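The file start.cif comes next; it holds mmCIF, C-alpha atoms.
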data_upload
loop_
_atom_site.label_atom_id
_atom_site.label_comp_id
_atom_site.auth_asym_id
_atom_site.auth_seq_id
_atom_site.Cartn_x
_atom_site.Cartn_y
_atom_site.Cartn_z
CA ASN A 1 94.87 -154.25 -55.15
CA GLY A 2 91.57 -154.80 -56.93
CA GLN A 3 92.49 -158.07 -58.67
CA LEU A 4 89.95 -160.88 -58.87
CA LEU A 5 91.69 -164.19 -58.12
CA PHE A 6 90.63 -167.81 -58.11
CA ASP A 7 91.13 -169.61 -54.81
CA PHE A 8 92.53 -173.00 -55.86
CA GLY A 9 91.74 -174.39 -52.43
CA ILE A 10 88.07 -174.39 -53.42
CA PRO A 11 87.32 -177.53 -55.50
CA ALA A 12 84.65 -175.70 -57.52
CA ALA A 13 87.26 -173.16 -58.68
CA ARG A 14 89.59 -175.90 -59.96
CA HIS A 15 86.70 -177.74 -61.61
CA TYR A 16 85.41 -174.55 -63.26
CA ILE A 17 88.69 -173.86 -65.08
CA ALA A 18 89.14 -177.52 -66.04
CA GLY A 19 85.59 -177.38 -67.40
CA LEU A 20 86.51 -174.40 -69.56
CA VAL A 21 89.40 -176.44 -70.94
CA ARG A 22 86.98 -179.22 -71.83
CA ASN A 23 84.61 -176.78 -73.54
CA ILE A 24 87.41 -175.30 -75.63
CA ILE A 25 88.48 -178.74 -76.83
CA LEU A 26 84.92 -179.80 -77.56
CA ASN A 27 84.03 -176.69 -79.54
CA TYR A 28 87.26 -175.70 -81.28
CA ASP A 29 89.80 -177.53 -83.39
CA VAL A 30 92.83 -176.70 -81.25
CA ASP A 31 96.25 -178.36 -81.25
CA GLY A 32 96.95 -177.72 -77.61
CA ILE A 33 96.02 -176.14 -74.31
CA HIS A 34 98.70 -173.98 -72.73
CA PHE A 35 98.77 -172.43 -69.24
CA ASP A 36 100.90 -169.49 -68.21
CA ASP A 37 102.57 -169.42 -64.79
CA TYR A 38 99.81 -167.69 -62.83
CA PHE A 39 98.70 -170.07 -60.10
CA TYR A 40 98.99 -168.56 -56.65
CA PRO A 41 99.93 -164.87 -56.77
CA TYR A 42 103.59 -163.91 -56.80
CA PRO A 43 104.74 -162.63 -53.39
CA PRO A 44 103.67 -158.97 -53.15
CA SER A 45 106.34 -156.31 -52.77
CA SER A 46 103.87 -154.47 -50.57
CA GLY A 47 100.42 -155.02 -49.20
CA ALA A 48 98.75 -158.08 -47.75
CA PRO A 49 99.53 -161.59 -49.04
CA PHE A 50 96.86 -163.81 -50.57
CA ASN A 51 94.36 -164.66 -47.85
CA ASP A 52 93.01 -168.19 -47.97
CA ASP A 53 92.71 -168.71 -44.21
CA ALA A 54 89.05 -169.70 -44.38
CA THR A 55 89.59 -172.11 -47.27
CA PHE A 56 92.52 -173.82 -45.56
CA ALA A 57 90.54 -174.16 -42.33
CA ALA A 58 87.50 -175.55 -44.15
CA ASP A 59 89.24 -178.21 -46.23
CA PRO A 60 92.84 -178.95 -45.15
CA ARG A 61 92.64 -182.57 -46.37
CA GLY A 62 95.01 -183.64 -43.61
CA PHE A 63 97.68 -181.03 -44.42
CA THR A 64 99.15 -179.01 -41.58
CA ASN A 65 101.58 -177.04 -43.75
CA ARG A 66 99.83 -174.48 -45.93
CA GLY A 67 102.56 -174.55 -48.58
CA ASP A 68 102.12 -178.30 -49.06
CA TRP A 69 98.35 -177.82 -49.18
CA ARG A 70 98.61 -175.10 -51.82
CA ARG A 71 100.95 -177.22 -53.96
CA ASP A 72 98.48 -180.08 -53.71
CA ASN A 73 95.69 -177.75 -54.85
CA ILE A 74 97.69 -176.82 -57.95
CA ASN A 75 98.69 -180.44 -58.56
CA ARG A 76 95.03 -181.45 -58.46
CA PHE A 77 94.20 -178.65 -60.87
CA ILE A 78 96.93 -179.64 -63.33
CA GLN A 79 95.98 -183.31 -63.14
CA ARG A 80 92.27 -182.58 -63.64
CA SER A 81 93.00 -180.34 -66.63
CA HIS A 82 95.22 -183.05 -68.13
CA ASP A 83 92.49 -185.64 -67.60
CA ARG A 84 89.91 -183.42 -69.30
CA VAL A 85 92.13 -183.08 -72.34
CA ARG A 86 92.83 -186.81 -72.55
CA ALA A 87 89.18 -187.75 -72.10
CA VAL A 88 87.97 -185.59 -75.00
CA LYS A 89 90.82 -185.49 -77.55
CA PRO A 90 93.88 -187.50 -76.45
CA TRP A 91 95.99 -186.10 -79.29
CA VAL A 92 95.69 -182.51 -78.06
CA LYS A 93 98.84 -181.41 -76.21
CA PHE A 94 98.72 -179.93 -72.73
CA GLY A 95 101.57 -177.86 -71.33
CA VAL A 96 102.62 -175.07 -69.00
CA SER A 97 105.11 -172.19 -68.96
CA PRO A 98 106.33 -172.33 -65.35
CA PHE A 99 108.60 -169.72 -63.82
CA GLY A 100 112.20 -170.41 -64.85
CA ILE A 101 113.38 -171.69 -61.45
CA TRP A 102 111.77 -174.74 -59.91
CA ARG A 103 113.96 -174.71 -56.76
CA ASN A 104 117.35 -173.31 -55.92
CA ARG A 105 120.02 -175.83 -55.02
CA SER A 106 120.34 -174.13 -51.63
CA SER A 107 116.78 -175.28 -50.89
CA ASP A 108 116.91 -178.70 -52.57
CA PRO A 109 119.93 -180.66 -53.85
CA SER A 110 117.94 -181.41 -57.01
CA GLY A 111 117.45 -177.72 -57.73
CA SER A 112 119.40 -175.42 -60.03
CA ALA A 113 122.51 -173.35 -59.34
CA THR A 114 120.43 -170.19 -59.06
CA SER A 115 119.43 -167.83 -56.26
CA GLY A 116 116.09 -166.41 -57.29
CA LEU A 117 112.39 -166.77 -56.70
CA GLN A 118 111.31 -170.41 -56.66
CA SER A 119 108.07 -171.52 -58.27
CA TYR A 120 107.86 -174.46 -55.84
CA SER A 121 107.65 -172.34 -52.71
CA ASP A 122 106.67 -168.87 -53.95
CA ILE A 123 103.75 -169.62 -56.29
CA TYR A 124 103.32 -173.27 -55.22
CA ALA A 125 103.86 -174.74 -58.69
CA ASP A 126 105.70 -178.07 -58.52
CA SER A 127 106.50 -178.38 -62.22
CA ARG A 128 108.93 -181.23 -61.58
CA LYS A 129 106.11 -183.34 -60.17
CA TRP A 130 103.97 -182.63 -63.24
CA ILE A 131 106.68 -184.14 -65.42
CA GLN A 132 107.20 -187.07 -63.07
CA GLN A 133 103.49 -187.86 -63.08
CA ALA A 134 103.12 -187.28 -66.86
CA TRP A 135 100.41 -184.68 -66.29
CA VAL A 136 101.90 -182.42 -68.98
CA ASP A 137 103.15 -183.13 -72.48
CA TYR A 138 105.75 -180.39 -72.34
CA LEU A 139 107.06 -177.45 -70.31
CA THR A 140 108.37 -174.17 -71.70
CA PRO A 141 110.11 -172.53 -68.72
CA GLN A 142 110.07 -168.75 -68.67
CA LEU A 143 113.74 -167.96 -69.23
CA TYR A 144 113.54 -164.28 -70.04
CA TRP A 145 116.79 -163.36 -68.33
CA SER A 146 119.45 -161.56 -70.30
CA ILE A 147 122.94 -163.04 -70.64
CA GLY A 148 124.90 -162.14 -67.53
CA PHE A 149 121.83 -161.52 -65.38
CA SER A 150 122.95 -162.61 -61.89
CA ILE A 151 119.83 -164.62 -61.03
CA ARG A 152 120.63 -167.13 -63.75
CA ALA A 153 124.08 -168.18 -62.57
CA GLN A 154 124.26 -170.59 -65.51
CA SER A 155 123.66 -170.65 -69.23
CA ILE A 156 120.08 -171.12 -70.40
CA GLY A 157 120.67 -174.76 -71.32
CA VAL A 158 122.15 -175.62 -67.94
CA SER A 159 119.45 -173.73 -66.09
CA VAL A 160 116.69 -175.63 -67.87
CA SER A 161 118.18 -179.09 -67.51
CA ASP A 162 119.20 -178.53 -63.90
CA THR A 163 115.87 -177.04 -62.88
CA ILE A 164 113.94 -180.22 -63.72
CA PRO A 165 116.39 -183.14 -63.68
CA GLU A 166 113.95 -185.66 -65.18
CA ILE A 167 113.95 -183.96 -68.56
CA ARG A 168 116.46 -182.87 -71.12
CA ILE A 169 115.33 -179.87 -73.10
CA ALA A 170 117.20 -178.91 -76.22
CA ILE A 171 116.13 -175.67 -77.84
CA GLU A 172 117.32 -175.26 -81.38
CA ILE A 173 116.43 -172.12 -83.29
CA THR A 174 117.33 -172.73 -86.91
CA ARG A 175 117.47 -170.21 -89.73
CA PRO A 176 118.64 -170.63 -93.31
CA ASN A 177 122.39 -170.11 -93.67
CA SER A 178 122.98 -169.81 -89.94
CA VAL A 179 126.45 -170.89 -88.84
CA ASN A 180 126.52 -174.47 -87.51
CA MET A 181 122.78 -174.82 -87.93
CA ARG A 182 120.81 -176.94 -90.34
CA PRO A 183 118.91 -174.78 -92.87
CA THR A 184 115.18 -174.97 -92.32
CA THR A 185 112.39 -173.43 -94.33
CA PRO A 186 110.46 -171.80 -92.78
CA PRO A 187 112.39 -170.89 -89.58
CA MET A 188 111.51 -173.38 -86.90
CA ASN A 189 111.84 -173.74 -83.16
CA ARG A 190 112.42 -177.30 -82.03
CA ILE A 191 111.86 -178.29 -78.44
CA GLY A 192 112.83 -181.81 -77.44
CA MET A 193 111.91 -183.32 -74.10
CA LYS A 194 112.94 -186.70 -72.75
CA THR A 195 111.64 -188.49 -69.68
CA ALA A 196 112.60 -191.91 -68.40
CA THR A 197 109.93 -193.53 -70.55
CA SER A 198 109.42 -191.34 -73.58
CA GLU A 199 110.83 -188.68 -75.84
CA ILE A 200 108.78 -185.85 -77.30
CA VAL A 201 109.90 -183.51 -80.04
CA ILE A 202 107.70 -180.54 -80.83
CA ASP A 203 108.27 -178.45 -83.96
CA THR A 204 106.60 -175.06 -83.94
CA MET A 205 106.47 -172.77 -86.94
CA VAL A 206 104.28 -170.17 -88.57
CA LYS A 207 102.36 -171.93 -91.29
CA PRO A 208 99.05 -171.49 -93.10
CA THR A 209 96.12 -173.66 -92.14
CA SER A 210 93.23 -174.86 -94.25
CA ARG A 211 91.08 -175.95 -91.33
CA GLU A 212 87.70 -174.33 -91.08
CA PRO A 213 86.22 -173.33 -87.72
CA THR A 214 84.00 -176.01 -86.22
#

Mind turning this structure into structure tokens?
Amino acid sequence: NGQLLFDFGIPAARHYIAGLVRNIILNYDVDGIHFDDYFYPYPPSSGAPFNDDATFAADPRGFTNRGDWRRDNINRFIQRSHDRVRAVKPWVKFGVSPFGIWRNRSSDPSGSATSGLQSYSDIYADSRKWIQQAWVDYLTPQLYWSIGFSIRAQSIGVSVSDTIPEIRIAIEITRPNSVNMRPTTPPMNRIGMKTATSEIVIDTMVKPTSREPT
């Protein structure tokens, strides 16, 4: 369809993007590096699927299942990007916005009570593993579904916590004078994440900055 895509099975492609991450951190005073959910292409509704036959044949690394191989490619990419961030400026945060469903419970007992596209098997993004391995500082799952949308099957809070069992994510949107909410000035989004070994709370708000470009 005319799109130009990176083949994550090629080490040079993974290294190139991780190198861009390093250059950004070296040359700009950023607070974080954030990836959207585009890894392998979403399954096409029509047309040919992503063709990486030659890449898989050239460097299978012992994998016989292409899905496992693709997930390993993305895992290597996420880990390398994380390592680049930590090596240059350890205080800079690194995170991803994965698709809102890791796996459905029908595919994996650890999955969520949903019945939609699964990032694990459809775009080969194993976001649960990234948390388990501490390759990301945070995740912001893409939960764009409206209330009552059938794919969700659960409330947003349950969907998030069920999708990745290792973490508890509490999303609190506070506004002055909101019912049952602590007044905050300015309005703030608070995202809390807990793993077995640590707890991270990230406050995000619109605020002026006095930092000059470097």

Which residues match the PyMOL selection byres ((chain A and resi 100-105) around 6) in the file above, as number ranges by chain? A: 99, 106-109, 111-115, 118-120, 141-143, 163

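The spacing separating atom CA of A:Val136 from atom CA of A:Arg22 amounts to 15.5 Å.
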
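Atom to atom, atom CA of A:Arg61 and atom CA of A:Leu4 stand 25.2 Å apart.
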
From the set A:Gln3, A:Asn75, A:Ser81, A:Asn27, which residue has the shortest atom-to-atom contact distance to A:Arg128, counting only C-alpha atoms?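 Looking only at the distances to A:Arg128, the closest residue turns out to be A:Asn75.
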
Have a look at A:Tyr38, A:Phe77, A:Phe56, A:Trp69 and name the one nearest to A:Ala12; count all atoms listed in the file.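 That would be A:Phe77, the residue with the smallest distance to A:Ala12.
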
Please identify all polymer residues within 12 Å of A:Asn51, counting all atoms listed in the file, omitting same-chain residues fewer than 2 positions from it, and present them as a ChimeraX atom specification. /A:5-9,40-41,43,47-49,53-57,66,70

If I take atom CA of A:Asp68 and atom CA of A:His15, how far is one from the other in Å, to one decimal?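 Pair atom CA of A:Asp68 / atom CA of A:His15 returns 19.9 Å.
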
Could you list, as an NGL selection string, every residue within 10 Å of A:Val30, counting only C-alpha atoms and ignoring same-chain residues fewer than 2 positions away? :A and (24-28 or 32-33 or 89 or 92-93 or 213)

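The residue that comes closest to A:Tyr138, out of A:Ser121, A:Ser97, A:Asn23, A:Ser110 and on the basis of only C-alpha atoms, is A:Ser97.
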
Could you check the closest approach to A:Ile10 for each of A:Phe50, A:Ala58, A:Ala125, A:Asp36 and tell me which residue wins, using all atoms listed in the file?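 Ranked by minimum distance to A:Ile10, first place goes to A:Ala58.
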
Would you mind telling me which residue in A:Trp135, A:Pro11, A:Gly2, A:Pro98 lies nearest to A:Asp59 when using all atoms listed in the file? A:Pro11

I'd like to see the residues matched by the PyMOL selection byres ((chain A and resi 129) around 12) on this file, and ideally I'd get them as an MDAnalysis selection string. chainID A and resid 71:72 74:76 78:79 102 120 124:128 130:136 139 163:167
